[in-house]
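Chemist: First, the structure itself, so that you have it in front of you.
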There are 2 protein chains.
Amino acid sequence: MDDVATLSPTHRSTVRRGAKRARTDRADLHAVLDAGLVGHLAVVLDGAPVVLPTGYGRHGETLYLHGSTGAATLRAAAAGGPVCFTVTHLDGVVYARSAFHHSVNYRCAVVHGTARTVEDPQEKLLGLEVLTEQLAPGSWTATRRPDRRELAATVVLALDLAEASVKIRTGPPGDDERDLPAAGSPDPVWAGVLPLRTVVGTPEPDPLLPAGTPLPARVAGRRLR
Amino acid sequence: MDDVATLSPTHRSTVRRGAKRARTDRADLHAVLDAGLVGHLAVVLDGAPVVLPTGYGRHGETLYLHGSTGAATLRAAAAGGPVCFTVTHLDGVVYARSAFHHSVNYRCAVVHGTARTVEDPQEKLLGLEVLTEQLAPGSWTATRRPDRRELAATVVLALDLAEASVKIRTGPPGDDERDLPAAGSPDPVWAGVLPLRTVVGTPEPDPLLPAGTPLPARVAGRRLR
């Protein structure tokens with residue numbers, strides 16, 4: 001069962017900083033990944049790191065990434081170099097009584113590994129389906145599927161979720177005892193959390209869309225997790 | 001003047017994919033950086049990339065990053081290894097008439113370089129001030145400043161904005177001609193943009209805060225760019 005399966009930390013996926021924020025449930029990993037639209041893919045190019053925002057989708061314990069065959073970062077990942085893929089949600093600004101204890105509430109998943117270029121046509125379509133559905137649920141069946149030329153122009157990578165970590169911070173600031181007011185005294189410094197969330201606005205129809213084209217449920221009902 | 005200064009692309013900061021989306025104004029770079037709360041810092045550890053969310057602040061053409069002296073990524077950056085720091089804002093989901101042309105509207109700044117560990121006490125305080133103010137405007141003057149022990153536990157890194165690129169996508173989907181309806185015909189597939197934005201919720205006072213502590217203007221009036 002997903003909710004009892006645990007992440008098995010390796011050396012580099014062991015959370016050292018803020019270890020109390022580390023989660024070891026696979027369900028936490030899946031939830032953080034499933035709630036995102038874009039992650040950050042890091043590769044090494046000529047000895048230096050490069051990190052770019054990248055779309056993705058999850059199918060079981062496989063993460064699918066895609067991009068143009070012309071993208072250098074995708075090519076580096078496709079060539080079998082090590083990659084790191086991180087998805088972060090910012091949930092709040094944590095105001096503390098000291099500058100030092102200011103923080104953010106967040107959920108963050110980090111996946112380490114080596115990507116596999118998906119060559120099998122069926123798996124490539126599956127990868128593109130989960131990628132499309134992650135970004136725009138319902139769009140895979142509602143829109144034209146990729147044709148041969150589009151498939152050839154797209155690299156789909158599969159990244160196993162074997163080596164991954166999750167960190168989640170929630171709750172109020174962790175102020176020092178010395179910064180708290182004495183019992184019964186007023187507190188000169190407000191402390192607490194300003195929650196943040198991502199919301200959808202009013203859909204903007206393509207100017208090329210004929211007037212009166214109805215808004216489909218897959219767009220009208222869209223909510224973010 | 002900021003708004004006419006241009007970015008001078010190097011080999012690795014030249015935008016190749018989607019070059020029409022590249023911006024070359026320093027003002028665009030500053031605007032994308034200034035609108036963010038957290039970026040993604042990538043370093044190379046044991047030959048593999050590691051990318052983690054990181055707070056930052058900008059002062060002129062210098063980006064300040066900070067973290068615990070115990071964080072391996074910060075230590076790798078402080079040791080003079082190459083880094084990449086990326087700030088991404090998601091502005092919308094782009095629904096197209098084909099799966100292939102689905103996209104996102106976004107603003108993204110990518111900075112390449114080598115970080116310098118800030119040793120000068122005055123500059124270290126400046127770095128922490130701009131970091132605090134980026135996350136929580138007004139908090140630097142309203143809260144207790146870092147003491148000697150806190151300063152010793154914190155690494156502040158300076159990253160020059162010399163080598164950076166900005167990409168911005170706005171507007172409707174770029175559908176193929178073949179997927180558009182004939183003039184006067186209905187369109188079976190809705191296309192357009194679902195805007196996304198980050199909003200602040202109701203502030204949550206620290207449970208340790210005495211009842212009736214007023215909400216300061218720096219929190220009550222907080223808006224995100």
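Chain labels A, B, ... are given in the sequence in which chains occur in the structure tokens; within each chain residues are numbered consecutively from 1, and ligands are likewise numbered from 1 in the order shown.
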Leaving out segment 97-110 of chain A and any residue of its chain fewer than 6 positions from it, which residues lie within 7 Å of it when counting only C-alpha atoms, given as a PyMOL selection string?

Modeler: (chain A and resi 29+32-33+84-91+164-170+173-175+179+189+191) or (chain B and resi 132+139-140+143-146+150)

Chemist: Could you name the residues that touch Gln134 of chain B at 10 Å or less, counting only C-alpha atoms, but leaving out those on the same chain fewer than 3 positions away, as number ranges by chain?

Modeler: B: 33-38, 55-58, 128-131, 137-139

Chemist: Residues of segment 19-67 of chain A in alpha helix (DSSP H) according to DSSP, as a ChimeraX atom specification?

Modeler: /A:26-34

Chemist: Next, dump the selected residues to file, keeping only N, CA and C atoms, as a compact mmCIF listing (two decimals), in the first residue's frame.

Modeler:
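The file below, again.txt, is the result:
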```
# COMPACT_ATOMS: atom_id res chain seq x y z
N ARG A 26 6.09 7.08 1.12
CA ARG A 26 5.95 7.24 -0.32
C ARG A 26 4.72 8.09 -0.65
N ALA A 27 3.69 7.97 0.19
CA ALA A 27 2.46 8.74 -0.06
C ALA A 27 2.75 10.25 -0.02
N ASP A 28 3.65 10.67 0.89
CA ASP A 28 4.02 12.09 0.94
C ASP A 28 4.74 12.50 -0.34
N LEU A 29 5.66 11.63 -0.79
CA LEU A 29 6.38 11.92 -2.03
C LEU A 29 5.40 12.07 -3.19
N HIS A 30 4.49 11.12 -3.30
CA HIS A 30 3.52 11.16 -4.40
C HIS A 30 2.65 12.41 -4.31
N ALA A 31 2.22 12.74 -3.09
CA ALA A 31 1.32 13.89 -2.94
C ALA A 31 2.01 15.19 -3.35
N VAL A 32 3.27 15.34 -2.95
CA VAL A 32 3.99 16.57 -3.31
C VAL A 32 4.18 16.64 -4.82
N LEU A 33 4.56 15.53 -5.41
CA LEU A 33 4.75 15.52 -6.87
C LEU A 33 3.43 15.76 -7.60
N ASP A 34 2.38 15.11 -7.15
CA ASP A 34 1.10 15.19 -7.87
C ASP A 34 0.48 16.58 -7.79
```

Chemist: From the set A:Leu63, A:Ala79, A:Ala153, A:Val93, which residue has the shortest atom-to-atom contact distance to Pro203 of chain B, counting only C-alpha atoms?

Modeler: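 For Pro203 of chain B, the nearest of the candidates is A:Val93.
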
Chemist: Residues near Pro214 of chain A, anyone? I mean within 10 Å using only C-alpha atoms, not counting same-chain ones fewer than 6 positions away, as a list in words.

Modeler: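 My list of contacting residues is Pro205 and Ala220 of chain A; Asp187, Pro188, Val189 and Trp190 of chain B.
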
Chemist: Going by DSSP on the backbone, which bits of segment 30-222 of chain A are strand (DSSP E or B)? Write them as a PyMOL selection string, please.

Modeler: chain A and resi 38-45+48-59+62-68+82-95+98+103-114+116-117+144+154-160+163-169+192-200+204-205

Chemist: Find the residues near Val118 of chain B: any atom within 12 Å, counting only C-alpha atoms, skip ones fewer than 4 places away on the same chain, and give them as a ChimeraX atom specification.

Modeler: /B:62-66,77-79,122-128,151-152,154-159

Chemist: Compare B:Val94, B:Ala22, B:Ala217, B:Ala48 by their minimum atom-to-atom distance to chain A, counting only C-alpha atoms, and give me the closest one.

Modeler: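 That would be B:Ala48, the residue with the smallest distance to chain A.
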
Chemist: Looking at A:Val44, A:Thr117, A:Ala72, A:Gly92, which one is nearest to Thr202 of chain B, with distances taken over only C-alpha atoms?

Modeler: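 Among the listed residues, the smallest separation from Thr202 of chain B belongs to A:Gly92.
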